[in-house]
Structure formats: structure tokens, C-alpha cells
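Engineer: Handing you this structure, nothing more for now.
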Amino acid sequence: EAQVTQNPRYLITVTGKKLTVTCSQNMNHEYMSWYRQDPGLGLRQIYYSMNVEVTDKGDVPEGYKVSRKEKRNFPLILESPSPNQTSLYFCASTHPDRVNSPLHFGNGTRLTVT
Amino acid sequence: GNSVTQMEGPVTLSEEAFLTINCTYTATGYPSLFWYVQYPGEGLQLLLKATKADDKGSNKGFEATYRKETTSFHLEKGSVQVSDSAVYFCALISFLQGGSEKLVFGKGTKLTVNP
């Protein structure tokens, strides 16, 4: 089954404790992206990657890191989480032609930072 | 800059009611327009799209027409079901100078359909 898999689904942590949210897709997609979803703000892009070893900042990259060492994986790293990073996070993937190839989303990771 | 504005929710309807969720956009050039749907506990999934003016996208009884003259892409369904309860996102892809693309989402509209 074609899918984007995020782990974990739920995560509660404390300020300053490094964490990684994993994302993996099995569709051989070149493009991958991370979003955060907050009430009243909708979806905002954090980072994206057009292909292996190519990453770029989205609209809200501060406090996040990503890496793209393999085509299928695109982990999101929070080196020193803070309470304002409490949010619902989504990973998504697609082919470069995003007009004709829709974004495929994971089921989300709900992060709480206390 | 490029942006999408959706009607604020939440929207609450009874089963079999008519649905309209308004979406207007601001973009340079000729964007492609999309509606994504997010069911409870899931990620977003594409509902329908339109890539040029006057195109109508349709899927699962939902329709939206790309209106360049009013810069709108309103989502409609003639008779909603309880299973349509979800959050609906309008989005656009605009094509920037240099060949890059920018995908922009609206803030989402929550729809609840009561039996």
C-alpha cells in the first residue's frame, strides 16, 4: 500500500530535550515536506526537500532541522524543543510535478512540549 | 504575495443540506487550485483540483469551478452526508520566476454534518 508513515503519532517531551520525528514514504517520491498545523493558522511549511541531499527552508524553519540522506526518509529534528513548538506535524511527499501529482500526507504527529 | 482566503468555520449542517465553502485567492500568473480534505485523525488528501480558468474539478459529489474573473474556487456539494464531516483546505500552486513553485494552503474550514 502506498503510504507516508510518521512516527510517533503522539509525543510528550520537556523543553530542551532533543527529539526526532521520523517520516518514510514507499512511493519513490522525490519531493518531501514537513508542515505544522495550528488552530487558526492552518498549515505552515517548515522545510522541504526536492531530492536526496537537497533541502530548503519553508515559511517557519526556526528551531527545526531536517536531513535527506535517502530518498524514502525525511526526519524532522528538534534540537532543543520549546513550548511554542507544541503542534500537530505532518510529513508529505509527491513527485516534482505537484500540479499533476497530489501531496500524500502521513497521519500526523501530535507533539506537546512542556 | 500569494495567498488563499477561506470562509471561517466551523460550519454545521444537517444531512442532505447544500454546502458551500468559499475560497478566494491572490496569486501572480496562473495558479493551479486544489481542495484537500482532512478526516478526523488523518492527514490531508486531495479532493479535487482545477488547473486553468473555467475548469471544474469534481469528486465524491463535490465540485469547484476555477473563476479567474472573481479569483475564486468555491467548494460545493448538493447533499452532504455525516461522513463528509472533516476539515477542508483550499490551496494553490503558483509558479514563480526562475521556475520554482509555491504551494500555499488556506487556514481550513471545519464542517460538521449532523444526522
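By convention in this document, the chains of the C-alpha cells carry letters A, B, ... by their order, each chain's residues are numbered from 1, and ligands are numbered from 1 in the order they are shown.
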Chain A near chain B within 8 Å: what's each residue's closest atom pair and its distance in Å to one decimal, counting only C-alpha atoms, ordered by chain then ascending residue number, as CSV?

Structural biologist:
residue,atom,partner,partner_atom,distance
A:Gly40,CA,B:Lys107,CA,6.5
A:Leu41,CA,B:Lys107,CA,5.6
A:Gly42,CA,B:Lys107,CA,3.8
A:Leu43,CA,B:Phe105,CA,6.3
A:Arg44,CA,B:Phe105,CA,7.8
A:Phe90,CA,B:Gly43,CA,7.0
A:Arg98,CA,B:Ile93,CA,7.9
A:Val99,CA,B:Ser32,CA,6.7
A:Pro102,CA,B:Leu46,CA,6.3
A:Leu103,CA,B:Leu46,CA,7.3
A:His104,CA,B:Gln45,CA,6.5
A:Phe105,CA,B:Gly43,CA,5.1
A:Gly106,CA,B:Gly43,CA,5.4
A:Asn107,CA,B:Gly43,CA,4.4
A:Gly108,CA,B:Gly43,CA,6.1

Engineer: Neighbours of region 29-33 of chain A within 9 Å (only C-alpha atoms; same-chain residues fewer than 2 positions away dropped), as number ranges by chain?

Structural biologist: A: 25-27, 35, 45-52, 58, 71-74, 90-96, 98, 103

Engineer: Store the residues picked out above in a file with N, CA, C and O atoms, as a CSV table (one decimal), in the first residue's frame.

Structural biologist:
chain,number,residue,atom,x,y,z
A,25,GLN,N,8.4,7.2,3.2
A,25,GLN,CA,7.4,7.0,2.1
A,25,GLN,C,7.9,5.9,1.2
A,25,GLN,O,9.1,5.7,1.0
A,26,ASN,N,6.9,5.1,0.7
A,26,ASN,CA,7.3,4.0,-0.2
A,26,ASN,C,6.9,4.2,-1.6
A,26,ASN,O,6.6,3.2,-2.3
A,27,MET,N,6.7,5.4,-2.1
A,27,MET,CA,6.3,5.7,-3.4
A,27,MET,C,7.4,6.2,-4.3
A,27,MET,O,7.1,6.7,-5.4
A,35,TYR,N,5.1,20.0,7.5
A,35,TYR,CA,4.2,21.1,7.9
A,35,TYR,C,3.9,21.0,9.4
A,35,TYR,O,3.9,19.9,10.0
A,45,GLN,N,4.5,25.5,6.2
A,45,GLN,CA,5.6,24.6,5.8
A,45,GLN,C,6.8,24.9,6.6
A,45,GLN,O,7.2,26.1,6.7
A,46,ILE,N,7.5,23.9,7.1
A,46,ILE,CA,8.7,24.1,7.9
A,46,ILE,C,9.9,23.9,7.0
A,46,ILE,O,10.8,24.8,7.0
A,47,TYR,N,10.1,22.8,6.4
A,47,TYR,CA,11.2,22.5,5.5
A,47,TYR,C,10.7,21.6,4.3
A,47,TYR,O,9.7,20.9,4.5
A,48,TYR,N,11.4,21.6,3.2
A,48,TYR,CA,11.1,20.7,2.2
A,48,TYR,C,12.4,20.2,1.5
A,48,TYR,O,13.4,20.8,1.7
A,49,SER,N,12.2,19.2,0.7
A,49,SER,CA,13.4,18.6,0.0
A,49,SER,C,12.9,18.2,-1.4
A,49,SER,O,12.0,17.5,-1.5
A,50,MET,N,13.7,18.7,-2.3
A,50,MET,CA,13.4,18.3,-3.7
A,50,MET,C,14.0,17.0,-4.1
A,50,MET,O,13.5,16.4,-5.1
A,51,ASN,N,15.0,16.5,-3.4
A,51,ASN,CA,15.6,15.2,-3.7
A,51,ASN,C,16.6,14.9,-2.7
A,51,ASN,O,16.9,15.7,-1.7
A,52,VAL,N,17.3,13.8,-2.8
A,52,VAL,CA,18.3,13.4,-1.8
A,52,VAL,C,19.4,14.5,-1.7
A,52,VAL,O,19.8,15.0,-2.7
A,58,GLY,N,11.2,26.3,4.6
A,58,GLY,CA,9.9,26.7,4.2
A,58,GLY,C,9.6,28.1,4.9
A,58,GLY,O,10.4,28.9,5.0
A,71,LYS,N,16.3,8.6,-0.2
A,71,LYS,CA,15.1,9.1,-0.9
A,71,LYS,C,13.8,8.9,-0.1
A,71,LYS,O,12.9,9.7,-0.1
A,72,ARG,N,13.7,7.8,0.6
A,72,ARG,CA,12.5,7.4,1.3
A,72,ARG,C,12.3,8.1,2.6
A,72,ARG,O,11.2,8.2,3.2
A,73,ASN,N,13.4,8.6,3.3
A,73,ASN,CA,13.3,9.1,4.6
A,73,ASN,C,13.5,10.6,4.7
A,73,ASN,O,14.5,11.1,4.1
A,74,PHE,N,12.8,11.3,5.6
A,74,PHE,CA,12.9,12.7,5.8
A,74,PHE,C,12.6,13.1,7.2
A,74,PHE,O,11.6,13.6,7.6
A,90,PHE,N,2.8,17.3,10.2
A,90,PHE,CA,2.6,16.4,9.0
A,90,PHE,C,3.8,16.3,8.1
A,90,PHE,O,4.3,17.4,7.8
A,91,CYS,N,4.1,15.1,7.7
A,91,CYS,CA,5.0,14.9,6.6
A,91,CYS,C,4.2,14.6,5.3
A,91,CYS,O,3.1,14.0,5.4
A,92,ALA,N,4.7,15.0,4.2
A,92,ALA,CA,4.1,14.8,2.9
A,92,ALA,C,5.1,14.5,1.8
A,92,ALA,O,6.2,15.0,1.9
A,93,SER,N,4.7,13.8,0.8
A,93,SER,CA,5.6,13.6,-0.3
A,93,SER,C,4.8,13.6,-1.6
A,93,SER,O,3.6,13.4,-1.7
A,94,THR,N,5.5,13.8,-2.7
A,94,THR,CA,5.0,13.7,-4.0
A,94,THR,C,6.1,13.7,-5.1
A,94,THR,O,7.3,13.8,-4.7
A,95,HIS,N,5.7,13.7,-6.3
A,95,HIS,CA,6.6,13.8,-7.4
A,95,HIS,C,6.9,15.3,-7.6
A,95,HIS,O,6.1,16.2,-7.2
A,96,PRO,N,7.9,15.7,-8.3
A,96,PRO,CA,8.2,17.2,-8.5
A,96,PRO,C,7.1,17.9,-9.2
A,96,PRO,O,6.9,19.1,-8.9
A,98,ARG,N,4.0,18.9,-8.9
A,98,ARG,CA,3.0,18.9,-7.9
A,98,ARG,C,1.6,19.4,-8.4
A,98,ARG,O,0.6,19.3,-7.7
A,103,LEU,N,-0.1,15.8,-3.2
A,103,LEU,CA,0.7,15.5,-2.0
A,103,LEU,C,0.0,14.3,-1.3
A,103,LEU,O,-1.2,14.3,-1.1

Engineer: Measure the distance from CA of Glu16 (chain B) to CA of Pro39 (chain A) in Å and round it to one decimal.

Structural biologist: 28.1 Å

Engineer: Going by DSSP on the backbone, which bits of chain B are strand (DSSP E)? Write them as an MDAnalysis selection string, please.

Structural biologist: chainID B and resid 3:6 11:14 19:21 23:26 32:38 44:50 56:59 62:65 75:77 86:95 101:105 109:114

Engineer: So how many Å separate CA of Leu78 (chain A) and CA of Lys18 (chain A), to one decimal?

Structural biologist: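 Result for CA of Leu78 (chain A) versus CA of Lys18 (chain A): 5.7 Å, one decimal.
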